[in-house]
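Shown next, in structure tokens, is the structure this report addresses.
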Amino acid sequence: MKPAEASNEASKPVGSRTKFHPLLRDLTLTMATEFSVLAAGLVLVSLFGRLLGPVALGEFLLLRRVAAWLLAGVLLGMGNALPRYIALCVKKPQGERNAYFLAGTSCLMGFTVSVGVVLYAGRQYFAHWLFGDAHLANLILPLGLMLAGLAAQTAAFSYYRGILAMKRANAIQLFHFAIIPIGVVVLLYPAHSVALIVGVAGALTVVAAALFARPIFRELARNPLPKLRPYAAELLRYGVGRVPGDFGQAA
């Protein structure tokens with residue numbers, strides 16, 4: 001080979017794969033996930049109407065609307081507080097992030113379970129107050145399970161969002177708001193029970209959130225934790241002040 005030809009060969013660019021900027025990749029992935037969740041919501045409503053009829057669809061929509069309203073208070077503003085404080089600890093020791101996660105999750109699940117117990121204990125009264133009919137008291141238990149599932153999902157999602165692990169965060173969103181509810185409806189619609197479908201979906205969401213959080217729990221087991229009270233107090237100070245705004249958005 002002549003020197004000129006060798007020089008030309010050497011100057012040719014080596015083929016490489018096109019790489020997206022991490023910000024562009026995360027934005028694209030998040031937008032695709034949000035669109036998928038929106039489409040799944042429409043499919044879910046359609047499935048309820050077609051497979052279970054208009055009465056069951058009405059119960060489901062009422063249950064979902066009440067859950068969305070209650071969730072604004074049940075979450076204690078942790079949907080904003082957890083990712084914020086976890087993000088602030090990205091360059092700090094792992095134990096700091098773990099402490100915020102465990103403190104926030106304890107507040108979320110503890111308060112949600114307490115609300116669920118109160119609702120179930122007075123299910124006749126709360127059914128009349130929330131649904132307008134005491135005969136819908138059978139929807140109180142699935143309402144509590146739905147709230148528990150959403151609280152668990154918020155904890156896991158907020159952690160991964162805080163450390164910018166958006167692939168896993170978006171997977172949580174897609175799994176919890178699309179795959180689980182649609183799968184449960186398809187499998188359980190022969191029972192013609194809104195309470196059963198929503199209750200099972202809520203319980204599975206709690207289990208799925210725990211599975212997504214397994215890497216976090218492994219870190220918690222390996223590293224000693226400081227006292228959680230200061231972390232919980234800091235999260236609550238930031239989060240609770242935003243609850244009225246969350247109620248306004250949910251209204």
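Each chain in the structure tokens gets a letter, A, B, ..., in the order shown, and its residues are numbered from 1; ligands are numbered from 1 in order too.
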
Please provide as a PyMOL selection string all residues within 8 Å of Phe126 (chain A), with the sequence filter that same-chain residues fewer than 5 positions apart are discarded (counting only C-alpha atoms). chain A and resi 119+131+134+137+140

Can you pull out the residues contacting His176 (chain A)? Cut-off 9 Å, using only C-alpha atoms, and skip same-chain residues under 4 positions away; I want them as a VMD selection string. chain A and resid 149 to 150 153 171 to 172 180 to 181 201 204 to 205 208 to 209

| request: Return as an NGL selection string the full set of residues in region 30-220 of chain A whose backbone-based DSSP assignment is alpha helix (DSSP H). | output: :A and (30-47 or 54-74 or 78-88 or 94-121 or 123-131 or 140-162 or 166-174 or 180-188 or 194-212 or 214-220)

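By chain and then residue number, the residues within 8 Å of region 94-110 of chain A are Val74, Leu75, Leu76, Met78, Leu82, Tyr85, Ile86, Cys89, Ala148, Ala151, Ala152, Ala155, Tyr159, Ile216, Glu219, Leu220, Asn223, Pro224, Leu225, Pro226, Leu228, Arg229, Tyr231, Ala232 and Leu235 of chain A, counting only C-alpha atoms and disregarding those fewer than 5 positions away in sequence.
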
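Around Ala87 (chain A), within 7 Å and counting only C-alpha atoms, the residues found are Pro83, Gly162 and Ile163 of chain A, once anything fewer than 4 positions away on its own chain is removed.
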
Print the selection's residues with all heavy atoms to a file, as a compact mmCIF listing (two decimals), in the first residue's frame.
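Contents of the output file selection-v2.txt:
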# COMPACT_ATOMS: atom_id res chain seq x y z
N PRO A 83 -37.53 12.86 46.90
CA PRO A 83 -36.52 13.01 45.84
C PRO A 83 -35.62 14.21 46.05
O PRO A 83 -34.44 14.17 45.70
CB PRO A 83 -37.36 13.15 44.57
CG PRO A 83 -38.73 13.49 45.02
CD PRO A 83 -38.90 12.90 46.36
N GLY A 162 -34.63 10.59 42.81
CA GLY A 162 -33.66 11.43 43.50
C GLY A 162 -32.23 11.17 43.08
O GLY A 162 -31.41 12.09 43.03
N ILE A 163 -31.90 9.92 42.77
CA ILE A 163 -30.54 9.60 42.34
C ILE A 163 -30.42 9.58 40.81
O ILE A 163 -29.40 9.16 40.26
CB ILE A 163 -30.07 8.24 42.91
CG1 ILE A 163 -30.93 7.09 42.40
CG2 ILE A 163 -30.07 8.28 44.43
CD1 ILE A 163 -30.41 5.72 42.79

**Prompt:** Could you pull the residues within 10 Å of Leu136 (chain A), counting only C-alpha atoms, minus those fewer than 6 positions along the same chain, as a VMD selection string?
**Reply:** chain A and resid 59 123 to 124 126 to 128 130 195

Output the selection as a PDB file, in the first residue's frame - all heavy atoms for each residue.
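Generated file (again_10.pdb):
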ATOM      1  N   GLU A  59     -68.346   2.646  39.585  1.00  0.00           N
ATOM      2  CA  GLU A  59     -67.743   2.399  40.900  1.00  0.00           C
ATOM      3  C   GLU A  59     -66.229   2.569  40.847  1.00  0.00           C
ATOM      4  O   GLU A  59     -65.623   3.149  41.754  1.00  0.00           O
ATOM      5  CB  GLU A  59     -68.094   0.990  41.381  1.00  0.00           C
ATOM      6  CG  GLU A  59     -69.540   0.806  41.784  1.00  0.00           C
ATOM      7  CD  GLU A  59     -69.800  -0.581  42.330  1.00  0.00           C
ATOM      8  OE1 GLU A  59     -68.841  -1.395  42.383  1.00  0.00           O
ATOM      9  OE2 GLU A  59     -70.954  -0.865  42.701  1.00  0.00           O
ATOM     10  N   ARG A 123     -66.273   2.128  58.257  1.00  0.00           N
ATOM     11  CA  ARG A 123     -66.535   2.002  56.821  1.00  0.00           C
ATOM     12  C   ARG A 123     -67.946   2.418  56.417  1.00  0.00           C
ATOM     13  O   ARG A 123     -68.138   2.961  55.326  1.00  0.00           O
ATOM     14  CB  ARG A 123     -66.242   0.584  56.338  1.00  0.00           C
ATOM     15  CG  ARG A 123     -66.921  -0.526  57.093  1.00  0.00           C
ATOM     16  CD  ARG A 123     -66.325  -1.871  56.684  1.00  0.00           C
ATOM     17  NE  ARG A 123     -66.874  -2.983  57.438  1.00  0.00           N
ATOM     18  CZ  ARG A 123     -66.451  -3.345  58.640  1.00  0.00           C
ATOM     19  NH1 ARG A 123     -65.485  -2.662  59.235  1.00  0.00           N
ATOM     20  NH2 ARG A 123     -66.982  -4.382  59.261  1.00  0.00           N
ATOM     21  N   GLN A 124     -68.934   2.182  57.280  1.00  0.00           N
ATOM     22  CA  GLN A 124     -70.293   2.594  56.928  1.00  0.00           C
ATOM     23  C   GLN A 124     -70.391   4.116  56.837  1.00  0.00           C
ATOM     24  O   GLN A 124     -70.945   4.666  55.881  1.00  0.00           O
ATOM     25  CB  GLN A 124     -71.281   2.064  57.976  1.00  0.00           C
ATOM     26  CG  GLN A 124     -71.355   0.556  58.077  1.00  0.00           C
ATOM     27  CD  GLN A 124     -71.993  -0.074  56.854  1.00  0.00           C
ATOM     28  OE1 GLN A 124     -72.767   0.561  56.138  1.00  0.00           O
ATOM     29  NE2 GLN A 124     -71.669  -1.337  56.594  1.00  0.00           N
ATOM     30  N   PHE A 126     -67.827   6.310  56.523  1.00  0.00           N
ATOM     31  CA  PHE A 126     -66.958   6.871  55.491  1.00  0.00           C
ATOM     32  C   PHE A 126     -67.465   6.551  54.083  1.00  0.00           C
ATOM     33  O   PHE A 126     -67.252   7.330  53.150  1.00  0.00           O
ATOM     34  CB  PHE A 126     -65.528   6.367  55.673  1.00  0.00           C
ATOM     35  CG  PHE A 126     -64.806   7.004  56.819  1.00  0.00           C
ATOM     36  CD1 PHE A 126     -64.464   6.265  57.944  1.00  0.00           C
ATOM     37  CD2 PHE A 126     -64.490   8.354  56.792  1.00  0.00           C
ATOM     38  CE1 PHE A 126     -63.811   6.854  59.009  1.00  0.00           C
ATOM     39  CE2 PHE A 126     -63.828   8.957  57.857  1.00  0.00           C
ATOM     40  CZ  PHE A 126     -63.494   8.206  58.971  1.00  0.00           C
ATOM     41  N   ALA A 127     -68.129   5.406  53.926  1.00  0.00           N
ATOM     42  CA  ALA A 127     -68.716   5.099  52.619  1.00  0.00           C
ATOM     43  C   ALA A 127     -69.796   6.122  52.275  1.00  0.00           C
ATOM     44  O   ALA A 127     -69.891   6.594  51.132  1.00  0.00           O
ATOM     45  CB  ALA A 127     -69.296   3.692  52.615  1.00  0.00           C
ATOM     46  N   HIS A 128     -70.603   6.477  53.273  1.00  0.00           N
ATOM     47  CA  HIS A 128     -71.637   7.492  53.038  1.00  0.00           C
ATOM     48  C   HIS A 128     -71.005   8.853  52.760  1.00  0.00           C
ATOM     49  O   HIS A 128     -71.471   9.601  51.885  1.00  0.00           O
ATOM     50  CB  HIS A 128     -72.558   7.580  54.254  1.00  0.00           C
ATOM     51  CG  HIS A 128     -73.612   8.642  54.127  1.00  0.00           C
ATOM     52  ND1 HIS A 128     -74.710   8.513  53.294  1.00  0.00           N
ATOM     53  CD2 HIS A 128     -73.727   9.868  54.713  1.00  0.00           C
ATOM     54  CE1 HIS A 128     -75.449   9.603  53.370  1.00  0.00           C
ATOM     55  NE2 HIS A 128     -74.875  10.443  54.226  1.00  0.00           N
ATOM     56  N   LEU A 130     -67.774   9.538  51.689  1.00  0.00           N
ATOM     57  CA  LEU A 130     -66.899   9.595  50.523  1.00  0.00           C
ATOM     58  C   LEU A 130     -67.604   9.215  49.222  1.00  0.00           C
ATOM     59  O   LEU A 130     -67.337   9.804  48.169  1.00  0.00           O
ATOM     60  CB  LEU A 130     -65.694   8.662  50.731  1.00  0.00           C
ATOM     61  CG  LEU A 130     -64.727   9.035  51.855  1.00  0.00           C
ATOM     62  CD1 LEU A 130     -63.702   7.924  52.058  1.00  0.00           C
ATOM     63  CD2 LEU A 130     -64.017  10.351  51.551  1.00  0.00           C
ATOM     64  N   ALA A 195     -64.380  -4.354  43.886  1.00  0.00           N
ATOM     65  CA  ALA A 195     -63.625  -4.398  45.137  1.00  0.00           C
ATOM     66  C   ALA A 195     -62.469  -5.393  45.046  1.00  0.00           C
ATOM     67  O   ALA A 195     -61.344  -5.107  45.481  1.00  0.00           O
ATOM     68  CB  ALA A 195     -64.551  -4.766  46.293  1.00  0.00           C
TER      69      ALA A 195
END

Of A:Val90, A:Val118, A:Val198, A:Val186, the one sitting nearest Leu61 (chain A) when using only C-alpha atoms is A:Val198
